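Take a look at the structure below.
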Amino acid sequence: MTDDDKRALQEVGLEDGVFASAFGASPTPMVVTDARSADNPILWVNDAFLILTGYRRDELYGRNCRMLQGQATDPGEVRRMRDAVTSAEKIECELFNYRKDGSAFWNAMTICPVRDATGEVAWFFAAQADMTDKRRYEQAMRGTNDELERLVDVRTADLQAALEQKTALLHEVDHRVKNNLQVISSLMLLKARRTPEGEARDALQSMAERVGALSTAHRMLYSAGDVTRFDLREFADDFLADLTAGIDSDRTTVEAEVDSIAVSAAMAAPLALMMHELATNAVRHAFPNGRSGRVSITAKRDDGGLRLLIQDDGIGIAAGPVNPAGFGHSLVEMVVRQLRGTIAWNEAFPGTRVEITIPLDRAD
Amino acid sequence: MTAEPALRILVVEDEVLIALELEYLLEDLGHVTVGVAASSSEAIALGVSTIPDVALVDIHLVDGPTGVAVARALSADARTTVLFMTANSKRIPEDFAGAIGVIAKPYSERVVASALSYVAEYRSGRKPSHETPDGFSLAPPV
């Protein structure tokens, strides 16, 4: 070290003293350059800087830091650093640098201009950090993220395909069920046509109508967007239109007041069958011998669940026919039991009044 | 129902039982079945030879989901009004392949009856007086 150098170090306070000891022993690589000499030569480095770069002190002192740059160093980042140095501004930058042995590393540094007593920029002080591991880690993380995203994409595509397959299958099954219901009803109606007028023919027709009621429920279940819900009013509108199409509307009127009540799909078929049975029974049997009258159907939901009331002003229960109503009657009782509901058949003087309560889940 | 002229109807349906019962139903309603076809080629041939007023066309036939092509072919003759009659409405293309509507299976006799009286009014150029029933949907306006 020349006397000039010593003087320079003394001036900057790194020849000896507490800062010289502390900076010299710091694990953070540090460098001081001489801003007043041509081309900003290195004036001082600590041991950590030597370890980082692989150079000896005598190979560094007097030379510009650009000696660490190489082929893959980003010229833009170098320009940014040079501009800051020229205008004596503090800068943080990250350069791809090379050690003496040619191996490369990411060198993150903070460069600060340091002014002398006159206020002139006399030195630059730079603290370095080897960012190679961090960069490698980031690279690995990016790779890992890309891989995870790819895996998620693959999984999502698989699920999408599975969902599409499931939807297609549901449509196929729905289509087959509807078609089969039509076949069943056609089959029974065909047999009814070939059966002489009488009890057997009536029974076949009744069965075809029951299948028809179930068909209506099924059609509604899958025509709406939500296949898990069933709207009672929608069903009632359609089903009552079918019922009244077959009766003399001057003689028998059917009034319905059915609220829009969404119930779970599992209840659709039993409810459809029950309403069909009760309404048909009233229309068919309450008004014999040209008697005229009125059937009213109301469905509401309250805290107790679904409340159904079917009332007619016909001949009443006691006067009604025993046999034809028998099957319908027990069918209704069975369905109510299946739905865990209660049913009360009462004489209404005149007519019959049937009250049914079906518990509904909170979700219903 | 008012006395509407009998419609000459071609039934395009591969389920024999459905087709047969439908023939009876059409007869009950005062219409005439001019033919029953179970495949697309039969349907198109019968369309040409009988020139029906109305064709009731199922989507799925013996030779596959060919009802759409049948509807297109039959509706090309302006004398024939095509109605789909299917449990597979999702297969109907957006333009309805020339059909004016669809009767959803399973259908009731009432829906068939009112769909056909709608068709009769439509063919006579009158504005159909009643609403279409549930289970019978019209094609979107062109």
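Quick note on naming: the chains in the structure tokens go A, B, ... in the order shown, residues restart at 1 in each chain, and ligands are numbered from 1 in order of appearance.
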Within 9 Å of A:Ile247 using only C-alpha atoms, minus same-chain residues under 5 positions, as a list in words: Thr252, Thr253, Val283 and Arg284 of chain A
Exercise answer, chain B residues close to chain A, 12 Å and only C-alpha atoms, as a count of residues only: 43
Give the helix (DSSP H, G or I) residues of stretch 54-109 of chain B, as assigned by DSSP on the backbone, as a PDB file with N, CA and C atoms, in the first residue's frame.
```pdb
ATOM      1  N   GLY B  67     -84.020 -37.811 -36.059  1.00  0.00           N
ATOM      2  CA  GLY B  67     -85.270 -37.062 -36.157  1.00  0.00           C
ATOM      3  C   GLY B  67     -85.074 -35.618 -36.598  1.00  0.00           C
ATOM      4  N   VAL B  68     -83.929 -35.044 -36.233  1.00  0.00           N
ATOM      5  CA  VAL B  68     -83.660 -33.652 -36.604  1.00  0.00           C
ATOM      6  C   VAL B  68     -83.571 -33.527 -38.127  1.00  0.00           C
ATOM      7  N   ALA B  69     -82.836 -34.464 -38.742  1.00  0.00           N
ATOM      8  CA  ALA B  69     -82.705 -34.445 -40.206  1.00  0.00           C
ATOM      9  C   ALA B  69     -84.069 -34.683 -40.857  1.00  0.00           C
ATOM     10  N   VAL B  70     -84.875 -35.561 -40.253  1.00  0.00           N
ATOM     11  CA  VAL B  70     -86.219 -35.833 -40.776  1.00  0.00           C
ATOM     12  C   VAL B  70     -87.057 -34.548 -40.745  1.00  0.00           C
ATOM     13  N   ALA B  71     -86.994 -33.837 -39.620  1.00  0.00           N
ATOM     14  CA  ALA B  71     -87.756 -32.596 -39.485  1.00  0.00           C
ATOM     15  C   ALA B  71     -87.345 -31.598 -40.563  1.00  0.00           C
ATOM     16  N   ARG B  72     -86.040 -31.527 -40.788  1.00  0.00           N
ATOM     17  CA  ARG B  72     -85.542 -30.589 -41.792  1.00  0.00           C
ATOM     18  C   ARG B  72     -86.072 -30.958 -43.184  1.00  0.00           C
ATOM     19  N   ALA B  73     -86.024 -32.249 -43.479  1.00  0.00           N
ATOM     20  CA  ALA B  73     -86.462 -32.706 -44.801  1.00  0.00           C
ATOM     21  C   ALA B  73     -87.970 -32.489 -44.976  1.00  0.00           C
ATOM     22  N   LEU B  74     -88.750 -32.878 -43.960  1.00  0.00           N
ATOM     23  CA  LEU B  74     -90.207 -32.786 -44.106  1.00  0.00           C
ATOM     24  C   LEU B  74     -90.685 -31.333 -44.127  1.00  0.00           C
ATOM     25  N   SER B  75     -90.039 -30.486 -43.341  1.00  0.00           N
ATOM     26  CA  SER B  75     -90.500 -29.092 -43.283  1.00  0.00           C
ATOM     27  C   SER B  75     -90.089 -28.309 -44.532  1.00  0.00           C
ATOM     28  N   SER B  89     -85.588 -33.228 -25.655  1.00  0.00           N
ATOM     29  CA  SER B  89     -85.655 -31.863 -26.203  1.00  0.00           C
ATOM     30  C   SER B  89     -84.283 -31.218 -26.343  1.00  0.00           C
ATOM     31  N   LYS B  90     -83.336 -31.677 -25.527  1.00  0.00           N
ATOM     32  CA  LYS B  90     -82.016 -31.043 -25.554  1.00  0.00           C
ATOM     33  C   LYS B  90     -81.302 -31.269 -26.869  1.00  0.00           C
ATOM     34  N   ARG B  91     -81.753 -32.237 -27.622  1.00  0.00           N
ATOM     35  CA  ARG B  91     -81.109 -32.513 -28.916  1.00  0.00           C
ATOM     36  C   ARG B  91     -81.653 -31.641 -30.043  1.00  0.00           C
ATOM     37  N   PHE B  96     -84.719 -25.273 -34.525  1.00  0.00           N
ATOM     38  CA  PHE B  96     -85.789 -26.264 -34.493  1.00  0.00           C
ATOM     39  C   PHE B  96     -85.908 -27.055 -35.802  1.00  0.00           C
ATOM     40  N   ALA B  97     -84.886 -26.935 -36.672  1.00  0.00           N
ATOM     41  CA  ALA B  97     -84.850 -27.720 -37.917  1.00  0.00           C
ATOM     42  C   ALA B  97     -86.149 -27.603 -38.708  1.00  0.00           C
ATOM     43  N   GLY B  98     -86.773 -26.447 -38.634  1.00  0.00           N
ATOM     44  CA  GLY B  98     -87.992 -26.227 -39.418  1.00  0.00           C
ATOM     45  C   GLY B  98     -89.270 -26.608 -38.691  1.00  0.00           C
ATOM     46  N   GLU B 109    -102.899 -36.882 -23.119  1.00  0.00           N
ATOM     47  CA  GLU B 109    -103.794 -36.757 -24.271  1.00  0.00           C
ATOM     48  C   GLU B 109    -104.182 -35.296 -24.468  1.00  0.00           C
TER      49      GLU B 109
END
```
DSSP strand (DSSP E or B) residues within chain B, listed as a PyMOL selection string: chain B and resi 8-12+32-37+54-57+61+64+81-86+101-104+136-138
With C-alpha atoms kept, could you save the residues just selected as a tab-separated table (two decimals), in the first residue's frame?
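The resulting file, out20.tsv, is reproduced below:
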```
chain	number	residue	atom	x	y	z
B	8	ARG	CA	-103.60	-35.85	-42.08
B	9	ILE	CA	-100.76	-36.85	-39.78
B	10	LEU	CA	-97.49	-38.71	-40.27
B	11	VAL	CA	-96.18	-40.35	-37.09
B	12	VAL	CA	-92.39	-40.70	-36.95
B	32	VAL	CA	-106.17	-39.32	-39.79
B	33	THR	CA	-102.84	-41.09	-39.51
B	34	VAL	CA	-101.40	-41.36	-43.02
B	35	GLY	CA	-98.37	-43.38	-42.00
B	36	VAL	CA	-96.03	-44.52	-39.25
B	37	ALA	CA	-92.28	-44.45	-39.80
B	54	VAL	CA	-98.62	-32.57	-39.84
B	55	ALA	CA	-95.62	-34.73	-38.97
B	56	LEU	CA	-95.06	-35.71	-35.34
B	57	VAL	CA	-91.35	-36.50	-35.16
B	61	LEU	CA	-85.33	-43.29	-34.32
B	64	GLY	CA	-80.11	-43.06	-34.32
B	81	THR	CA	-96.10	-28.67	-40.46
B	82	VAL	CA	-93.56	-30.47	-38.29
B	83	LEU	CA	-93.81	-30.95	-34.53
B	84	PHE	CA	-91.18	-32.73	-32.49
B	85	MET	CA	-92.50	-35.23	-30.01
B	86	THR	CA	-89.63	-36.31	-27.82
B	101	GLY	CA	-92.64	-26.66	-31.67
B	102	VAL	CA	-92.10	-29.65	-29.43
B	103	ILE	CA	-94.42	-31.85	-27.42
B	104	ALA	CA	-92.46	-33.14	-24.43
B	136	PHE	CA	-95.90	-28.07	-25.62
B	137	SER	CA	-93.31	-25.43	-26.42
B	138	LEU	CA	-93.07	-23.39	-29.57
```
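A straight line drawn from atom CA of A:Ile310 to atom CA of A:Glu347 is 11.9 Å long.
As for atom CA of A:Ala22 and atom CA of A:Trp44, they are spaced 13.8 Å apart.
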Long-range neighbours of A:Glu255 as a PyMOL selection string, 9 Å cut-off, only C-alpha atoms, 6 positions minimum in chain: chain A and resi 294-298
Shell around A:Glu92 at 8 Å using only C-alpha atoms, local window under 5 positions removed, as JSON, numbers by chain: {"A": [108, 109, 110, 111]}
Any chance you can output those residues with N, CA and C atoms as a compact mmCIF listing (two decimals), in the first residue's frame?
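Contents of the output file again-v6.txt:
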```
# COMPACT_ATOMS: atom_id res chain seq x y z
N ALA A 108 -26.13 -8.38 -5.35
CA ALA A 108 -27.03 -7.26 -5.04
C ALA A 108 -26.24 -6.24 -4.24
N MET A 109 -26.36 -4.99 -4.59
CA MET A 109 -25.55 -3.99 -3.87
C MET A 109 -26.30 -2.68 -3.64
N THR A 110 -25.87 -2.03 -2.57
CA THR A 110 -26.35 -0.68 -2.32
C THR A 110 -25.14 0.23 -2.44
N ILE A 111 -25.23 1.22 -3.35
CA ILE A 111 -24.09 2.13 -3.55
C ILE A 111 -24.47 3.51 -3.03
```
Separation of atom CA of A:Glu257 from atom CA of A:Ala348 in Å: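 So the two atoms, atom CA of A:Ala348 and atom CA of A:Glu257, lie 19.1 Å apart.
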Residue nearest A:Pro29 - candidates A:Ser87, A:Gln10, A:Gln160, A:Asn107, atoms counted: only C-alpha atoms: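 Ranked by minimum distance to A:Pro29, first place goes to A:Asn107.
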Distance criterion (only C-alpha atoms): nearest to A:Gln71 out of A:Trp106, A:Phe49, A:Tyr98, A:Phe327: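 Answer, going by the shortest atom-to-atom distance: A:Tyr98.
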